[in-house]
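Enquirer: Structure file protein.cif (mmCIF, C-alpha atoms) is given on the next line.
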data_coords
loop_
_atom_site.label_atom_id
_atom_site.label_comp_id
_atom_site.auth_asym_id
_atom_site.auth_seq_id
_atom_site.Cartn_x
_atom_site.Cartn_y
_atom_site.Cartn_z
CA MET G 283 0.00 0.00 0.00
CA ARG G 284 2.79 2.33 0.92
CA VAL G 285 4.52 1.44 -2.37
CA MET G 286 1.42 2.36 -4.35
CA ARG G 287 1.16 5.70 -2.55
CA PHE G 288 4.82 6.41 -3.32
CA ILE G 289 4.32 5.59 -7.00
CA MET G 290 1.23 7.82 -7.23
CA ALA G 291 3.10 10.68 -5.56
CA CYS G 292 5.96 10.37 -8.06
CA LEU G 293 3.52 10.37 -10.99
CA THR G 294 1.81 13.46 -9.61
CA VAL G 295 5.13 15.31 -9.33
CA LEU G 296 6.11 14.27 -12.87
CA VAL G 297 2.82 15.50 -14.35
CA LEU G 298 3.22 18.76 -12.48
CA LEU G 299 6.74 19.26 -13.82
CA LEU G 300 5.65 18.54 -17.39
CA SER G 301 2.74 20.97 -17.07
CA LEU G 302 5.13 23.68 -15.97
CA GLY G 303 7.28 23.06 -18.99
CA CYS G 304 10.33 22.10 -16.95
CA SER G 305 13.17 20.33 -18.65
CA SER G 306 16.28 18.53 -17.57
CA GLU G 307 18.20 20.46 -20.30
CA PRO G 308 20.14 23.57 -19.12
CA GLU G 309 18.99 26.93 -20.52
CA GLN G 310 21.10 27.95 -23.54
CA ALA G 311 22.90 31.31 -23.61
CA PRO G 312 21.70 33.88 -26.15
CA PRO G 313 23.72 33.91 -29.41
CA SER G 314 26.80 36.12 -29.53
CA VAL G 315 27.22 38.93 -32.07
CA GLU G 316 29.50 36.62 -34.03
CA GLN G 317 26.91 33.87 -34.12
CA ALA G 318 24.17 36.32 -35.05
CA GLU G 319 26.22 37.45 -38.04
CA GLN G 320 27.30 33.94 -39.02
CA LYS G 321 27.65 33.35 -42.75
CA ARG G 322 26.74 36.91 -43.71
CA VAL G 323 27.70 37.22 -47.38
CA LEU G 324 29.12 40.57 -48.52
CA ALA G 325 29.72 41.64 -52.14
CA PHE G 326 32.88 43.74 -52.63
CA GLY G 327 33.10 45.75 -55.87
CA GLY G 328 36.57 45.99 -57.41
CA GLY G 329 37.31 47.03 -60.98
CA PRO G 330 38.49 45.81 -64.39
CA THR G 331 40.69 42.71 -64.48
CA GLY G 332 44.33 43.54 -63.82
CA GLY G 333 43.60 46.97 -62.32
CA THR G 334 44.59 48.16 -58.84
CA PHE G 335 40.95 48.21 -57.70
CA ASN G 336 40.76 44.49 -58.38
CA PHE G 337 44.00 43.70 -56.54
CA PHE G 338 42.77 45.58 -53.48
CA ALA G 339 39.24 44.16 -53.50
CA ASN G 340 40.49 40.58 -53.87
CA LYS G 341 43.02 40.87 -51.06
CA MET G 342 40.76 42.78 -48.68
CA ALA G 343 37.95 40.28 -49.20
CA SER G 344 40.36 37.45 -48.40
CA ILE G 345 41.71 39.11 -45.23
CA ILE G 346 38.23 39.81 -43.83
CA SER G 347 36.87 36.36 -44.68
CA LYS G 348 39.82 34.66 -42.99
CA GLN G 349 39.53 36.83 -39.89
CA TYR G 350 35.83 36.18 -39.27
CA GLU G 351 34.11 32.85 -39.82
CA TRP G 352 30.73 34.56 -39.94
CA LEU G 353 31.72 36.87 -42.82
CA ASP G 354 32.02 35.61 -46.38
CA VAL G 355 33.27 38.50 -48.53
CA SER G 356 33.12 37.92 -52.27
CA PRO G 357 35.04 40.23 -54.66
CA ARG G 358 33.18 41.32 -57.80
CA GLY G 359 34.68 42.69 -60.99
CA SER G 360 33.20 45.95 -62.29
CA GLY G 361 33.68 48.81 -64.71
CA GLY G 362 35.38 50.84 -61.99
CA SER G 363 34.73 53.81 -59.75
CA ALA G 364 31.52 55.30 -61.15
CA GLU G 365 29.85 51.92 -61.60
CA ASN G 366 30.75 51.00 -58.02
CA LEU G 367 29.31 54.28 -56.74
CA ARG G 368 25.98 53.74 -58.50
CA THR G 369 25.72 50.08 -57.48
CA LEU G 370 26.55 50.83 -53.84
CA ASN G 371 23.92 53.56 -53.81
CA LYS G 372 21.19 51.12 -54.79
CA ASN G 373 22.53 48.51 -52.33
CA GLY G 374 23.66 46.19 -55.13
CA LEU G 375 27.05 45.97 -53.41
CA ASP G 376 27.96 46.05 -49.73
CA LEU G 377 31.54 47.28 -50.11
CA ALA G 378 33.44 48.81 -53.02
CA ILE G 379 36.31 51.07 -54.03
CA VAL G 380 35.42 54.52 -55.36
CA TYR G 381 37.57 57.51 -56.23
CA SER G 382 37.11 60.40 -53.84
CA GLY G 383 36.34 62.75 -56.71
CA ASP G 384 33.55 60.58 -58.08
CA ALA G 385 32.11 60.08 -54.59
CA TYR G 386 32.10 63.83 -53.94
CA LEU G 387 30.67 64.84 -57.31
CA GLY G 388 28.14 62.02 -57.31
CA ARG G 389 26.88 62.99 -53.88
CA ASN G 390 26.34 66.54 -55.13
CA GLY G 391 24.74 65.62 -58.47
CA LYS G 392 27.70 66.87 -60.50
CA LEU G 393 28.97 63.82 -62.35
CA PRO G 394 29.34 64.52 -66.10
CA GLY G 395 26.04 63.81 -67.85
CA ASP G 396 24.50 62.49 -64.64
CA LYS G 397 22.60 64.82 -62.33
CA ALA G 398 21.49 62.04 -59.94
CA ARG G 399 22.58 62.39 -56.32
CA TYR G 400 24.25 59.31 -54.89
CA GLU G 401 23.70 60.02 -51.21
CA ASP G 402 23.46 56.46 -49.82
CA VAL G 403 27.20 55.77 -50.02
CA ARG G 404 29.48 56.19 -47.01
CA ALA G 405 33.27 56.22 -46.72
CA LEU G 406 35.24 53.73 -44.62
CA SER G 407 38.85 54.76 -45.26
CA PHE G 408 41.56 56.05 -47.59
CA LEU G 409 43.36 53.28 -49.49
CA TYR G 410 45.93 54.84 -51.81
CA GLY G 411 46.62 57.84 -53.98
CA ALA G 412 45.93 57.43 -57.68
CA PRO G 413 48.06 59.82 -59.77
CA ALA G 414 46.96 60.88 -63.24
CA GLN G 415 49.64 59.64 -65.64
CA LEU G 416 49.70 60.82 -69.25
CA VAL G 417 52.00 58.64 -71.36
CA VAL G 418 53.50 59.44 -74.77
CA ARG G 419 56.31 57.99 -76.88
CA LYS G 420 59.68 59.52 -76.03
CA ASP G 421 60.26 60.59 -79.64
CA SER G 422 56.93 62.49 -79.67
CA ASP G 423 56.86 66.29 -79.90
CA ILE G 424 54.19 66.38 -77.18
CA GLN G 425 55.62 68.22 -74.17
CA SER G 426 52.44 69.50 -72.52
CA PRO G 427 48.72 68.64 -72.43
CA MET G 428 48.20 71.70 -74.61
CA ASP G 429 50.15 69.97 -77.43
CA LEU G 430 47.46 67.31 -77.83
CA VAL G 431 45.33 69.26 -80.33
CA ASP G 432 44.03 66.79 -82.97
CA ARG G 433 45.93 63.92 -81.32
CA VAL G 434 44.40 60.55 -80.44
CA VAL G 435 44.30 59.95 -76.69
CA ALA G 436 43.07 56.79 -74.93
CA VAL G 437 41.29 57.89 -71.72
CA GLY G 438 40.14 54.61 -70.14
CA ASN G 439 37.07 52.39 -70.16
CA PRO G 440 33.66 54.10 -70.41
CA GLY G 441 32.39 55.09 -66.96
CA SER G 442 35.69 54.35 -65.26
CA GLY G 443 37.35 56.72 -62.81
CA ALA G 444 40.14 57.22 -65.33
CA ALA G 445 37.75 58.27 -68.11
CA LEU G 446 35.81 60.62 -65.84
CA SER G 447 38.97 62.27 -64.52
CA ALA G 448 40.36 62.68 -68.04
CA GLU G 449 37.19 64.42 -69.21
CA ARG G 450 37.16 66.57 -66.07
CA PHE G 451 40.78 67.67 -66.59
CA PHE G 452 40.71 68.23 -70.35
CA ARG G 453 37.39 70.08 -70.20
CA HIS G 454 38.75 72.35 -67.50
CA ILE G 455 41.83 73.32 -69.51
CA GLY G 456 39.76 73.76 -72.69
CA MET G 457 41.12 70.73 -74.55
CA TRP G 458 38.35 68.14 -74.40
CA ASP G 459 36.83 69.13 -77.76
CA LYS G 460 40.26 69.50 -79.35
CA ILE G 461 41.51 65.95 -78.81
CA LYS G 462 40.34 62.69 -80.34
CA THR G 463 39.42 60.46 -77.43
CA ARG G 464 39.19 56.67 -77.43
CA ASN G 465 37.75 54.57 -74.63
CA LEU G 466 40.35 51.87 -74.17
CA GLY G 467 41.40 49.89 -71.12
CA TYR G 468 44.95 50.32 -69.88
CA SER G 469 46.49 47.21 -71.46
CA ARG G 470 44.88 47.82 -74.83
CA ALA G 471 45.95 51.47 -74.72
CA ALA G 472 49.57 50.53 -74.01
CA SER G 473 49.54 48.12 -76.95
CA GLU G 474 48.11 50.75 -79.31
CA LEU G 475 50.67 53.34 -78.20
CA VAL G 476 53.43 50.87 -79.08
CA SER G 477 51.85 50.16 -82.48
CA ARG G 478 51.44 53.95 -83.03
CA LYS G 479 47.66 53.78 -83.38
CA ILE G 480 47.28 56.41 -80.66
CA ASP G 481 49.43 59.33 -79.58
CA ALA G 482 48.98 59.17 -75.81
CA PHE G 483 47.15 57.28 -73.09
CA TRP G 484 45.84 58.28 -69.69
CA VAL G 485 45.74 56.22 -66.52
CA LEU G 486 44.56 57.12 -63.03
CA VAL G 487 46.15 54.53 -60.80
CA GLY G 488 48.90 53.88 -58.27
CA TYR G 489 52.43 53.71 -59.61
CA PRO G 490 54.23 51.80 -60.96
CA ASN G 491 51.44 50.74 -63.30
CA SER G 492 51.73 47.46 -65.20
CA SER G 493 50.41 48.85 -68.51
CA ILE G 494 53.00 51.65 -68.52
CA ILE G 495 55.71 49.13 -67.60
CA GLU G 496 54.56 47.02 -70.53
CA ALA G 497 54.69 49.96 -72.96
CA ALA G 498 58.13 50.99 -71.69
CA SER G 499 59.43 47.47 -72.29
CA HIS G 500 58.72 47.82 -76.02
CA LEU G 501 59.74 51.42 -76.72
CA PRO G 502 60.98 54.52 -74.84
CA ILE G 503 58.18 56.49 -73.18
CA ARG G 504 57.72 59.80 -71.36
CA LEU G 505 55.26 61.01 -68.75
CA ILE G 506 53.77 64.47 -69.27
CA GLY G 507 53.61 66.69 -66.20
CA LEU G 508 50.10 67.89 -65.36
CA HIS G 509 50.65 69.89 -62.17
CA GLN G 510 51.68 73.25 -63.66
CA VAL G 511 48.71 73.40 -66.01
CA SER G 512 46.42 72.37 -63.14
CA LEU G 513 47.84 75.09 -60.91
CA LYS G 514 47.68 77.87 -63.53
CA THR G 515 44.11 77.10 -64.59
CA GLY G 516 42.69 76.82 -61.04
CA PHE G 517 41.94 73.11 -61.42
CA TYR G 518 42.61 72.48 -57.72
CA ASP G 519 40.25 75.27 -56.72
CA VAL G 520 37.37 73.83 -58.72
CA TYR G 521 38.10 70.23 -57.68
CA PRO G 522 39.45 70.34 -54.13
CA PHE G 523 39.64 66.53 -53.84
CA TYR G 524 42.68 66.56 -56.15
CA SER G 525 46.18 67.28 -54.87
CA MET G 526 49.70 67.57 -56.28
CA VAL G 527 51.91 64.49 -56.23
CA GLU G 528 55.40 63.63 -57.45
CA ILE G 529 56.18 60.48 -59.41
CA PRO G 530 59.86 59.78 -58.65
CA ALA G 531 62.51 59.52 -61.37
CA ASN G 532 63.15 55.98 -62.64
CA THR G 533 59.70 54.76 -61.68
CA TYR G 534 59.60 53.47 -65.27
CA ASP G 535 62.37 52.46 -67.64
CA GLY G 536 63.81 55.51 -69.35
CA GLN G 537 61.99 57.98 -67.08
CA GLU G 538 65.02 59.97 -65.98
CA ARG G 539 63.28 62.87 -64.23
CA LYS G 540 60.60 63.21 -61.60
CA VAL G 541 57.16 64.15 -62.89
CA MET G 542 54.74 66.47 -61.10
CA THR G 543 51.09 65.60 -61.60
CA PHE G 544 47.86 65.46 -59.58
CA GLN G 545 46.21 62.59 -57.80
CA ASP G 546 42.81 61.45 -56.66
CA SER G 547 42.34 59.32 -53.56
CA SER G 548 40.82 55.87 -53.76
CA LEU G 549 38.34 55.29 -50.96
CA TRP G 550 36.97 52.14 -49.40
CA CYS G 551 33.20 52.70 -49.29
CA ALA G 552 30.08 50.93 -48.15
CA SER G 553 26.34 51.05 -48.63
CA VAL G 554 24.63 53.16 -45.99
CA LYS G 555 22.59 50.03 -45.16
CA MET G 556 25.61 48.07 -43.94
CA PRO G 557 25.31 47.33 -40.19
CA GLU G 558 27.61 49.40 -37.99
CA GLU G 559 29.14 46.36 -36.26
CA VAL G 560 30.00 44.67 -39.55
CA VAL G 561 31.73 47.79 -40.90
CA TYR G 562 33.63 48.19 -37.64
CA ASP G 563 34.85 44.58 -37.76
CA CYS G 564 35.89 44.88 -41.43
CA LEU G 565 38.03 47.92 -40.62
CA ARG G 566 39.50 46.18 -37.60
CA ALA G 567 40.61 43.25 -39.78
CA ILE G 568 42.21 45.35 -42.52
CA TYR G 569 43.93 47.83 -40.19
CA SER G 570 45.37 45.19 -37.88
CA GLU G 571 49.14 44.78 -38.02
CA HIS G 572 48.86 41.57 -40.03
CA GLY G 573 46.16 43.00 -42.27
CA LEU G 574 48.30 45.96 -43.32
CA GLU G 575 51.33 43.71 -43.85
CA ASP G 576 49.28 41.46 -46.13
CA MET G 577 48.01 44.46 -48.09
CA VAL G 578 51.53 45.76 -48.80
CA MET G 579 52.65 42.29 -49.88
CA ALA G 580 49.72 42.16 -52.31
CA HIS G 581 50.34 45.59 -53.89
CA LYS G 582 52.94 48.32 -53.41
CA ALA G 583 50.25 51.01 -53.56
CA ALA G 584 49.07 49.85 -50.13
CA LYS G 585 52.23 51.18 -48.48
CA GLY G 586 50.38 54.45 -47.84
CA MET G 587 47.71 52.69 -45.76
CA SER G 588 47.98 53.26 -42.03
CA LYS G 589 45.87 54.21 -39.05
CA ALA G 590 47.37 57.70 -39.23
CA SER G 591 46.30 58.17 -42.89
CA GLY G 592 42.90 56.52 -42.44
CA ILE G 593 40.74 59.47 -43.51
CA LEU G 594 43.22 61.20 -45.84
CA GLY G 595 41.42 62.56 -48.91
CA VAL G 596 37.98 61.38 -47.75
CA SER G 597 35.38 63.67 -49.32
CA ILE G 598 32.04 62.21 -48.20
CA PRO G 599 30.58 61.38 -44.76
CA LEU G 600 31.90 58.36 -42.90
CA HIS G 601 29.80 55.29 -42.17
CA PRO G 602 28.85 55.17 -38.45
CA GLY G 603 30.96 52.03 -38.06
CA ALA G 604 33.93 53.85 -39.60
CA LEU G 605 33.38 56.90 -37.40
CA ARG G 606 33.47 54.68 -34.34
CA PHE G 607 36.63 52.92 -35.54
CA TRP G 608 38.60 56.07 -36.41
CA GLN G 609 37.58 57.92 -33.29
CA GLY G 610 38.89 54.89 -31.42
CA GLN G 611 42.24 55.42 -33.13
CA GLY G 612 42.38 58.98 -31.80
CA LEU G 613 41.76 60.78 -35.11
CA ASP G 614 40.01 64.15 -35.16
CA ILE G 615 37.04 63.86 -37.48
CA PRO G 616 36.18 67.01 -39.51
CA ALA G 617 32.57 68.13 -39.41
CA HIS G 618 31.97 67.39 -43.10
CA LEU G 619 32.81 63.71 -42.54
CA MET G 620 30.24 63.19 -39.78
CA PRO G 621 27.46 60.73 -40.76
#
What do you get writing this file as structure tokens?
Expert:
Amino acid sequence: MRVMRFIMACLTVLVLLLSLGCSSEPEQAPPSVEQAEQKRVLAFGGGPTGGTFNFFANKMASIISKQYEWLDVSPRGSGGSAENLRTLNKNGLDLAIVYSGDAYLGRNGKLPGDKARYEDVRALSFLYGAPAQLVVRKDSDIQSPMDLVDRVVAVGNPGSGAALSAERFFRHIGMWDKIKTRNLGYSRAASELVSRKIDAFWVLVGYPNSSIIEAASHLPIRLIGLHQVSLKTGFYDVYPFYSMVEIPANTYDGQERKVMTFQDSSLWCASVKMPEEVVYDCLRAIYSEHGLEDMVMAHKAAKGMSKASGILGVSIPLHPGALRFWQGQGLDIPAHLMP
């Protein structure tokens, strides 16, 4: 009888426990930020095959993906700066590289032939300076941009940062309607300079550039200085995101003197819709000691990347995640870069 009472008591307790939803399993901890972001796929816009944008996008995507298991960053080829700006603005990319000039003009509705305002793009950091380099054959009589009247000049792929900067510069100095422009990529342009199908070609990229190296390996070349014309015509006043830069002597075979030109800044940018924490972690990966070392090993142009130069040449507001990161590095953030 006592046994039966004991059994009934146990059954009563068991039913009561089940009704209360009790379980012998311990309560699980809430997911961490890392787990919450697990397997987030990010699209990173680079540029044309073989260009500096592509080198940077590929390496940066690799560094971030290796650092965080929950981030899968996939590099994407593109037409370059302007295409990246437009695609970021409509959230078709998460991350991309854009020239500071295009970002600034696009935000203000001043891109050539395009009055749209691309206001949903935010800056993360400065990557490298991209000098304008105008290349001619050494035996040419072209000594200045003003000598290009009726000459054939390759200015870059349509919609690329190179092509936009070339039009911006030549229009400003009154030469755009006096030259015969061709939209050719860098490698094709170098080949056509060697075969004398064009008189000059324009690149906007870190030096030394592989297409110029290739041209110089087949025939003597010269770089035309652009700084003096820019200074005299007020180019820097109209386009304050450009600055003077020196390309050292012997950067290319046969280039015996330094060349003064102007440069744009390439910026790492993101869609405004990117979460703050994800942007912060991406910056933390790239600007770690190992991240910066890997970047320099991948491309010499990355030697200018540092925490000290993080917002150099940035012309549009920072992403909130970037603001948090750079303030944490002790940088003073100008008012015009505030989100």
Enquirer: Report, in Å with one decimal, the straight-line distance from atom CA of G:Leu619 to atom CA of G:Asp384.
Expert: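 Here the two named atoms are 15.9 Å from each other.
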Enquirer: Determine, counting only C-alpha atoms, which protein, DNA and RNA residues have an atom within 9 Å of an atom of stretch 498-508 of chain G; residues of the same chain fewer than 4 positions away are not included. Present the result as a list in words.
Expert: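 Those residues are Ala414, Gln415, Leu416, Val417, Val418, Arg419, Lys420, Asp421, Ser422, Ile424, Gln425, Ser426, Pro427, Ala472, Val476, Ser493, Ile494, Ser512, Leu513, Tyr534, Asp535, Gly536, Gln537, Val541, Met542, Thr543 and Phe544 of chain G.
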Enquirer: Could you please determine the separation between atom CA of G:Lys372 and atom CA of G:Leu565 in Å, to one decimal place?
Expert: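 Straight-line distance from atom CA of G:Lys372 to atom CA of G:Leu565 works out to 22.2 Å.
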Enquirer: Could you tell me, as a VMD selection string, exactly which residues end up selected when the PyMOL selection byres ((chain G and resi 480) around 10) is applied to this structure?
Expert: chain G and resid 418 to 419 433 to 436 462 to 464 471 to 479 481 to 483
Enquirer: Using all atoms listed in the file, find the one residue out of G:Ala580, G:Val554, G:Ala617, G:Ile593 that sits nearest to G:Ser344.
Expert: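 Of G:Ala580, G:Val554, G:Ala617, G:Ile593, the one nearest G:Ser344, counting all atoms listed in the file, is G:Ala580.
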Enquirer: Work out how far atom CA of G:Pro413 is from atom CA of G:Pro522, in Å to one decimal.
Expert: 14.7 Å
Enquirer: Please write the residues picked by the PyMOL selection byres ((chain G and resi 486-488) around 9) on this file as a list in words.
Expert: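 Residues picked by the PyMOL selection byres ((chain G and resi 486-488) around 9): Gly333, Thr334, Phe335, Tyr410, Gly411, Ala412, Pro413, Ala414, Gln415, Leu416, Gly438, Gly443, Ala444, Ala445, Ser447, Ala448, Trp484, Val485, Tyr489, Pro490, Asn491, Gln545, Asp546, Ser548, Lys582 and Ala583 of chain G.
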Enquirer: Taking only C-alpha atoms into account, name the residue in G:Leu446, G:Val578, G:Ala584, G:Leu377 that is nearest to G:Gly395.
Expert: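 Of all the options, G:Leu446 lies closest to G:Gly395.
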Enquirer: Taking 3 positions as the minimum chain separation for residues in the same chain, which residues sit within 12 Å of G:Cys564 when counting all atoms listed in the file? Answer as a ChimeraX atom specification.
Expert: /G:324,326,342-350,352-355,376-377,406-407,550-552,556-561,567-570,573,603-604,607
Enquirer: Could you tell me which of G:Gly612, G:Gly456, G:Gly362, G:Pro357 comes closest to G:Thr515 if we count only C-alpha atoms?
Expert: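 Among the listed residues, the smallest separation from G:Thr515 belongs to G:Gly456.
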Enquirer: Measuring between all atoms listed in the file, which one of G:Leu430, G:Val527, G:Ile495, G:Leu409 shows the shortest distance to G:Gly586?
Expert: G:Leu409
Enquirer: Between G:Ser469, G:Ser442, G:Gln510, G:Thr369, which is the closest to G:Gly329 once you count all atoms listed in the file?
Expert: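 Distance minimum relative to G:Gly329 lands on G:Ser442.
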Enquirer: Edge lengths and centre in Å to one decimal, as AutoDock Vina command-line options, of the axis-aligned box that encloses all listed atoms of stretch 491-507 of chain G with 5 Å added on every side?
Expert:
--center_x 55.7 --center_y 56.9 --center_z -70.0 --size_x 20.6 --size_y 29.7 --size_z 23.4
Enquirer: List the spatial neighbours of G:Val403 as a ChimeraX atom specification - criterion: any atom at most 12 Å away, all atoms listed in the file, same-chain residues fewer than 6 positions off excluded.
Expert: /G:364,366-380,382,384-386,388-390,549-556,597-602,621
Enquirer: So which one's closest to G:His581, G:Leu387, G:Ala405, G:Met457, G:Ala339? Using all atoms listed in the file, please.
Expert: G:Ala339
Enquirer: Name the residues within 7 Å of (36.3, 43.6, -63.4), counting all atoms listed in the file in the file's coordinates, and put them as a list in words.
Expert: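 Those within range, by chain then number, are Gly328, Gly329, Pro330, Thr331, Asn336, Arg358, Gly359, Ser360 and Gly361 of chain G.
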Enquirer: Could you save those same residues with C-alpha atoms as a PDB file, in the coordinates of the input?
Expert:
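Printed below is part_9.pdb as written:
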ATOM      1  CA  GLY G 328      36.570  45.990 -57.410  1.00  0.00           C
ATOM      2  CA  GLY G 329      37.310  47.030 -60.980  1.00  0.00           C
ATOM      3  CA  PRO G 330      38.490  45.810 -64.390  1.00  0.00           C
ATOM      4  CA  THR G 331      40.690  42.710 -64.480  1.00  0.00           C
ATOM      5  CA  ASN G 336      40.760  44.490 -58.380  1.00  0.00           C
ATOM      6  CA  ARG G 358      33.180  41.320 -57.800  1.00  0.00           C
ATOM      7  CA  GLY G 359      34.680  42.690 -60.990  1.00  0.00           C
ATOM      8  CA  SER G 360      33.200  45.950 -62.290  1.00  0.00           C
ATOM      9  CA  GLY G 361      33.680  48.810 -64.710  1.00  0.00           C
TER      10      GLY G 361
END
Enquirer: When you write stretch 555-570 of chain G out from the block above, keep N, CA, C and O atoms and present the result as a PDB file, in the first residue's frame, please.
Expert:
ATOM      1  N   LYS G 555      23.385  51.061 -45.835  1.00  0.00           N
ATOM      2  CA  LYS G 555      22.589  50.035 -45.156  1.00  0.00           C
ATOM      3  C   LYS G 555      23.433  48.966 -44.467  1.00  0.00           C
ATOM      4  O   LYS G 555      22.889  48.091 -43.795  1.00  0.00           O
ATOM      5  N   MET G 556      24.743  49.026 -44.619  1.00  0.00           N
ATOM      6  CA  MET G 556      25.611  48.066 -43.940  1.00  0.00           C
ATOM      7  C   MET G 556      25.526  48.266 -42.431  1.00  0.00           C
ATOM      8  O   MET G 556      25.615  49.398 -41.947  1.00  0.00           O
ATOM      9  N   PRO G 557      25.375  47.190 -41.645  1.00  0.00           N
ATOM     10  CA  PRO G 557      25.314  47.326 -40.186  1.00  0.00           C
ATOM     11  C   PRO G 557      26.607  47.916 -39.616  1.00  0.00           C
ATOM     12  O   PRO G 557      27.704  47.612 -40.100  1.00  0.00           O
ATOM     13  N   GLU G 558      26.461  48.734 -38.595  1.00  0.00           N
ATOM     14  CA  GLU G 558      27.612  49.402 -37.991  1.00  0.00           C
ATOM     15  C   GLU G 558      28.654  48.402 -37.488  1.00  0.00           C
ATOM     16  O   GLU G 558      29.857  48.587 -37.688  1.00  0.00           O
ATOM     17  N   GLU G 559      28.205  47.334 -36.830  1.00  0.00           N
ATOM     18  CA  GLU G 559      29.135  46.362 -36.262  1.00  0.00           C
ATOM     19  C   GLU G 559      29.946  45.661 -37.343  1.00  0.00           C
ATOM     20  O   GLU G 559      31.126  45.374 -37.159  1.00  0.00           O
ATOM     21  N   VAL G 560      29.305  45.358 -38.470  1.00  0.00           N
ATOM     22  CA  VAL G 560      30.004  44.668 -39.552  1.00  0.00           C
ATOM     23  C   VAL G 560      31.076  45.573 -40.148  1.00  0.00           C
ATOM     24  O   VAL G 560      32.206  45.142 -40.395  1.00  0.00           O
ATOM     25  N   VAL G 561      30.752  46.838 -40.378  1.00  0.00           N
ATOM     26  CA  VAL G 561      31.732  47.794 -40.898  1.00  0.00           C
ATOM     27  C   VAL G 561      32.898  47.936 -39.930  1.00  0.00           C
ATOM     28  O   VAL G 561      34.073  47.926 -40.328  1.00  0.00           O
ATOM     29  N   TYR G 562      32.593  48.058 -38.650  1.00  0.00           N
ATOM     30  CA  TYR G 562      33.630  48.192 -37.636  1.00  0.00           C
ATOM     31  C   TYR G 562      34.581  46.990 -37.667  1.00  0.00           C
ATOM     32  O   TYR G 562      35.808  47.146 -37.629  1.00  0.00           O
ATOM     33  N   ASP G 563      34.022  45.782 -37.746  1.00  0.00           N
ATOM     34  CA  ASP G 563      34.855  44.582 -37.762  1.00  0.00           C
ATOM     35  C   ASP G 563      35.684  44.478 -39.037  1.00  0.00           C
ATOM     36  O   ASP G 563      36.834  44.018 -39.009  1.00  0.00           O
ATOM     37  N   CYS G 564      35.128  44.903 -40.166  1.00  0.00           N
ATOM     38  CA  CYS G 564      35.886  44.880 -41.428  1.00  0.00           C
ATOM     39  C   CYS G 564      37.108  45.798 -41.325  1.00  0.00           C
ATOM     40  O   CYS G 564      38.224  45.425 -41.726  1.00  0.00           O
ATOM     41  N   LEU G 565      36.914  46.990 -40.800  1.00  0.00           N
ATOM     42  CA  LEU G 565      38.027  47.915 -40.619  1.00  0.00           C
ATOM     43  C   LEU G 565      39.057  47.356 -39.647  1.00  0.00           C
ATOM     44  O   LEU G 565      40.269  47.475 -39.857  1.00  0.00           O
ATOM     45  N   ARG G 566      38.588  46.735 -38.595  1.00  0.00           N
ATOM     46  CA  ARG G 566      39.501  46.179 -37.598  1.00  0.00           C
ATOM     47  C   ARG G 566      40.385  45.091 -38.214  1.00  0.00           C
ATOM     48  O   ARG G 566      41.575  44.990 -37.888  1.00  0.00           O
ATOM     49  N   ALA G 567      39.825  44.304 -39.130  1.00  0.00           N
ATOM     50  CA  ALA G 567      40.606  43.248 -39.784  1.00  0.00           C
ATOM     51  C   ALA G 567      41.668  43.831 -40.710  1.00  0.00           C
ATOM     52  O   ALA G 567      42.833  43.414 -40.683  1.00  0.00           O
ATOM     53  N   ILE G 568      41.278  44.793 -41.535  1.00  0.00           N
ATOM     54  CA  ILE G 568      42.210  45.347 -42.519  1.00  0.00           C
ATOM     55  C   ILE G 568      43.309  46.170 -41.852  1.00  0.00           C
ATOM     56  O   ILE G 568      44.476  46.113 -42.248  1.00  0.00           O
ATOM     57  N   TYR G 569      42.955  46.936 -40.817  1.00  0.00           N
ATOM     58  CA  TYR G 569      43.931  47.825 -40.193  1.00  0.00           C
ATOM     59  C   TYR G 569      44.628  47.209 -38.977  1.00  0.00           C
ATOM     60  O   TYR G 569      45.265  47.905 -38.203  1.00  0.00           O
ATOM     61  N   SER G 570      44.540  45.889 -38.857  1.00  0.00           N
ATOM     62  CA  SER G 570      45.372  45.191 -37.884  1.00  0.00           C
ATOM     63  C   SER G 570      46.798  45.148 -38.433  1.00  0.00           C
ATOM     64  O   SER G 570      47.039  45.397 -39.620  1.00  0.00           O
TER      65      SER G 570
END
